[in-house]
Structures are given as structure tokens and as C-alpha cells.
Amino acid sequence: MQIPRARTAFIITIDTEGDDLWSRPREISTRNARYLPRFQALCDRFNFKPVYLANHEMAACDAFVEFARDVVHHGTAEIGMHLHAWNSPPLEPLTADDFRHQPYLIEYPPALMRQKIRAVTHLLEDRIGRKMVSHRAGRWAFDSRYAELLLAEGYRVDCSVTPGVDWSTNSGAPGGKGGSDYTDFPDQPYFLDANDPSRAAAAGLLEVPMTIRPSALYRRAAWTYQVPLLRRAANRLAPGLGWLCPVQAAIRAPVERHLAAMLEIGREACSAGLSHLEFMLHSSELMPGGSPTFRRASDIELLYEHLEMLFEEVAVHCRGMTLEEFHRAHAPPQEEVLCA
């Protein structure tokens, strides 16, 4: 089903999880929950409603739950679900060291997938007092089985697809197939086909892909990014795929250029009349030392400067929406009745 276009929706998604998971800690802290009110206040200024996609340790964190209940009560944000399979109960080891390998949920048996989805869903719903309808997979790993299990738990919208990105070289369980390959997936919202998540259907789970746009060089000569000897030079000239994400922009360009990169992506999407812009960040990236990218307090201040400039420009062209609101605006009539 083709999603009708209107004024571009700006959807802010925050992977809300423990501190600096990139370092693969054995004991996970959640101090970054204390830094969320500042980000929420920035969003409030522009009438944007972020979607905090929370995983198990955040659902168990009292500071986050207090914050989440408040924003839900005031209607200024949405709480959704995010699942890291290696530390979400029930904890049944898949590898010799799950905290080291961080296996993907789609590598577990279907019965255990279902139990993990159900456990974190019910914990969030019980603690926050709101039905979970929105979701993003941990480490971006998704397939048709996952989609079916989410629908069975009452989810209506997913945002795990990163169009054009192949995660298969990112390992999970040793000897596994790696992450999901989204090379040929749509970059605009669509209802997932039950048998093939890269294809559209008339109804079902609504997929709202991450905003990732190819550069002009990539569109003209994609082959240069496939040749190892040329890839580094091509990325130096222009990153092949640009994300609406400060971290991805910072990885691919000097810090002074990553705001310009995000603004360019936003302008291009709005001028093309696309249905949505999807921004993402991790909650721990809002805290000094919570991620490899923003280590110092000065890094966080620069991040906020860039976020303010980005949000100010986006607010001129877009309207803020949560994933739940986006689904409500585009669901087939029969689903609107079921979700009412």
C-alpha cells in the first residue's frame, strides 16, 4: 500500500538504553535517564514529540519510568519498545559469551523470541501504564518472524529498517549470518508483507524506515563505494549514505560538517515532498561519557547547539509526529477501528 503524502512528518526516535553499551559492559548502568529532561525541553520548544524506544534495563530504571510517566501524561512524547536480545529475559545463553557477542534476536529460536518480546513489552506496559504500539529492533536486526510476533503482541508500527544499509558483515552469534541486509528495502513508509519484509502489503505492521539518503556521487557512481581501493576516497569526497543522525554524521565527517550534512538531508527530503523525516539518537549520547562519540561535556554542548539549529529549520517545513500518530494518520480504515 502506498502511503499518501501530506506535509512532511518529523519523527524523533531515541533508542533509550543503558550507558555506553558500545563498550559491552557486564553490569549496565542507566545514569543517562537523568539527562533526558533537557532533551525533552528542547523538543517541547519546537512542538516536537520524541519517541523514546526503551529496552529492558530502562524499563526497570525508576528514574526513566518517572520521566516516561510524566511525558505520557502530558502528551509530549511517546514510549515504545526497543529490544536487546542478549540481556532481555528470559536469559538463556545462545553463545559462550552473549555480552561479548551481542547476538541478534532473530538468531534465537522463535519461542524464545516470543518470550523476550512479551517480557519487555509487559514490563513497560505495567510500569508506564500505556499500551506499547511502536518498536525498533536492537542492532537493526529484523525479519518476517519478528514482524509477526510484534503484531501478535499488539504492535502497529516498526522503525527498524535502514534502507540501503547491509548489516550482514556485523556479526552476532559466531558462525551466524550477521545482521539484516536492507540494500533493496523501500525508503518510504509501507505496510510489511507477512512473507517478505522488503515488500509492501495492503495492511499489517507499518514500517517507517530510518531517513538515510544517498549522496549525489553515490547516485551517479554507486560502484565506487563497492570497490575496496576506491571506497575510502569516495567516502572522503561524499559519504555514500547520509543518516539523519548526529552520530552517523560525526563518524562520516569532521564535527564542523555534521550539522551541514543533516541539514542537507532534511532539505532534500522536504523539497522532494517525502512523507516523513526520521531522526535518531541514543539516550546515552545525551550524557558526557555515555558513548564513544560524545565523551566530554563540551561535546554535549556542541551537540545541543547543532540540534537546536536542525530543529529550528525542520520546524519551518515539517510537523512533529510520534510513530503512533503517524500510524493513526495512515492506517487503513479497518485498523483505525481496531486501534481506537
# chains A, B, ... in the order shown; residues from 1 in each chain; ligands from 1

$ residues_around --residues "Glu57 (chain A)" --least-positions-apart "3" --cutoff "8 Å" --atoms "only C-alpha atoms" --output "JSON, numbers by chain"
{"A": [17, 18, 28, 30, 60, 61]}

$ residues_around --residues "Ala119 (chain A)" --least-positions-apart "5" --cutoff "9 Å" --atoms "only C-alpha atoms" --output "ChimeraX atom specification"
/A:56,88-90,114,124

$ residues_around --residues "Phe326 (chain A)" --least-positions-apart "3" --cutoff "9 Å" --atoms "only C-alpha atoms" --output "list in words"
Ala9, Ile11, Val157, Val208, Met321, Thr322, Leu323, Ala329, His330 and Ala331 of chain A

$ write_last_selection --atoms "N, CA and C atoms" --output "compact mmCIF listing (two decimals), in the first residue's frame"
# COMPACT_ATOMS: atom_id res chain seq x y z
N ALA A 9 6.22 14.71 7.88
CA ALA A 9 6.23 14.47 9.32
C ALA A 9 7.66 14.36 9.81
N ILE A 11 9.77 12.81 12.72
CA ILE A 11 9.65 11.81 13.78
C ILE A 11 11.01 11.66 14.46
N VAL A 157 3.45 -0.38 14.62
CA VAL A 157 4.41 0.34 13.79
C VAL A 157 5.83 -0.01 14.22
N VAL A 208 8.23 2.31 9.20
CA VAL A 208 8.62 3.71 8.98
C VAL A 208 10.15 3.73 8.97
N MET A 321 5.54 14.56 14.76
CA MET A 321 4.61 13.46 14.99
C MET A 321 5.32 12.34 15.72
N THR A 322 4.58 11.59 16.53
CA THR A 322 5.10 10.35 17.09
C THR A 322 4.84 9.23 16.09
N LEU A 323 5.42 8.09 16.33
CA LEU A 323 5.15 6.93 15.47
C LEU A 323 3.69 6.50 15.57
N ALA A 329 -2.54 8.23 11.33
CA ALA A 329 -2.85 9.05 10.16
C ALA A 329 -2.85 8.26 8.87
N HIS A 330 -2.18 7.10 8.86
CA HIS A 330 -2.03 6.36 7.61
C HIS A 330 -2.58 4.94 7.64
N ALA A 331 -3.16 4.53 8.77
CA ALA A 331 -3.69 3.16 8.86
C ALA A 331 -4.93 3.00 8.00

$ atom_distance --atom1 "CA of Leu36 (chain A)" --atom2 "CA of His306 (chain A)"
16.9 Å

$ residues_around --residues "Pro110 (chain A)" --least-positions-apart "3" --cutoff "9 Å" --atoms "only C-alpha atoms" --output "list in words"
Ile106, Glu107, Met113, Arg114, Gln115, Arg145, Tyr146 and Leu149 of chain A

$ write_last_selection --atoms "C-alpha atoms" --output "mmCIF file, in the first residue's frame"
data_model
loop_
_atom_site.group_PDB
_atom_site.id
_atom_site.type_symbol
_atom_site.label_atom_id
_atom_site.label_comp_id
_atom_site.auth_asym_id
_atom_site.auth_seq_id
_atom_site.Cartn_x
_atom_site.Cartn_y
_atom_site.Cartn_z
ATOM 1 C CA ILE A 106 16.453 -13.097 15.038
ATOM 2 C CA GLU A 107 19.208 -15.637 15.831
ATOM 3 C CA MET A 113 11.972 -14.595 20.574
ATOM 4 C CA ARG A 114 8.306 -14.520 21.574
ATOM 5 C CA GLN A 115 9.097 -14.772 25.291
ATOM 6 C CA ARG A 145 9.061 -13.759 12.033
ATOM 7 C CA TYR A 146 9.864 -10.751 14.175
ATOM 8 C CA LEU A 149 5.468 -11.699 16.780
#

$ closest_residue --among "A:Lys116, A:Lys131, A:His276, A:His82" --to "Asp158 (chain A)" --atoms "only C-alpha atoms"
A:His82

$ residues_around --residues "region 186-196 of chain A" --least-positions-apart "6" --cutoff "9 Å" --atoms "only C-alpha atoms" --output "PyMOL selection string"
chain A and resi 1-3+143-145+147-148+157+161-164+202-213+274-276

$ residues_around --residues "region 74-81 of chain A" --least-positions-apart "4" --cutoff "6 Å" --atoms "only C-alpha atoms" --output "MDAnalysis selection string"
chainID A and resid 49:54 132 134:135

$ write_last_selection --atoms "N, CA and C atoms" --output "JSON list (two decimals), in the first residue's frame"
[["chain", "number", "residue", "atom", "x", "y", "z"],
["A", 49, "LYS", "N", 7.43, 15.85, 19.35],
["A", 49, "LYS", "CA", 7.12, 14.82, 20.33],
["A", 49, "LYS", "C", 8.04, 13.61, 20.10],
["A", 50, "PRO", "N", 9.11, 13.50, 20.83],
["A", 50, "PRO", "CA", 10.02, 12.37, 20.62],
["A", 50, "PRO", "C", 9.40, 11.03, 21.00],
["A", 51, "VAL", "N", 9.92, 9.98, 20.38],
["A", 51, "VAL", "CA", 9.53, 8.61, 20.70],
["A", 51, "VAL", "C", 10.72, 7.96, 21.40],
["A", 52, "TYR", "N", 10.56, 7.67, 22.69],
["A", 52, "TYR", "CA", 11.61, 7.02, 23.47],
["A", 52, "TYR", "C", 11.39, 5.52, 23.39],
["A", 53, "LEU", "N", 12.24, 4.84, 22.61],
["A", 53, "LEU", "CA", 12.12, 3.40, 22.41],
["A", 53, "LEU", "C", 13.00, 2.72, 23.46],
["A", 54, "ALA", "N", 12.35, 2.21, 24.50],
["A", 54, "ALA", "CA", 13.05, 1.79, 25.72],
["A", 54, "ALA", "C", 13.29, 0.29, 25.75],
["A", 132, "MET", "N", 2.01, -0.52, 24.48],
["A", 132, "MET", "CA", 3.11, -0.33, 23.56],
["A", 132, "MET", "C", 2.64, -0.64, 22.13],
["A", 134, "SER", "N", 4.72, 0.89, 19.32],
["A", 134, "SER", "CA", 5.83, 1.23, 18.44],
["A", 134, "SER", "C", 7.10, 0.49, 18.87],
["A", 135, "HIS", "N", 7.96, 0.20, 17.92],
["A", 135, "HIS", "CA", 9.10, -0.68, 18.20],
["A", 135, "HIS", "C", 10.27, -0.40, 17.26]]
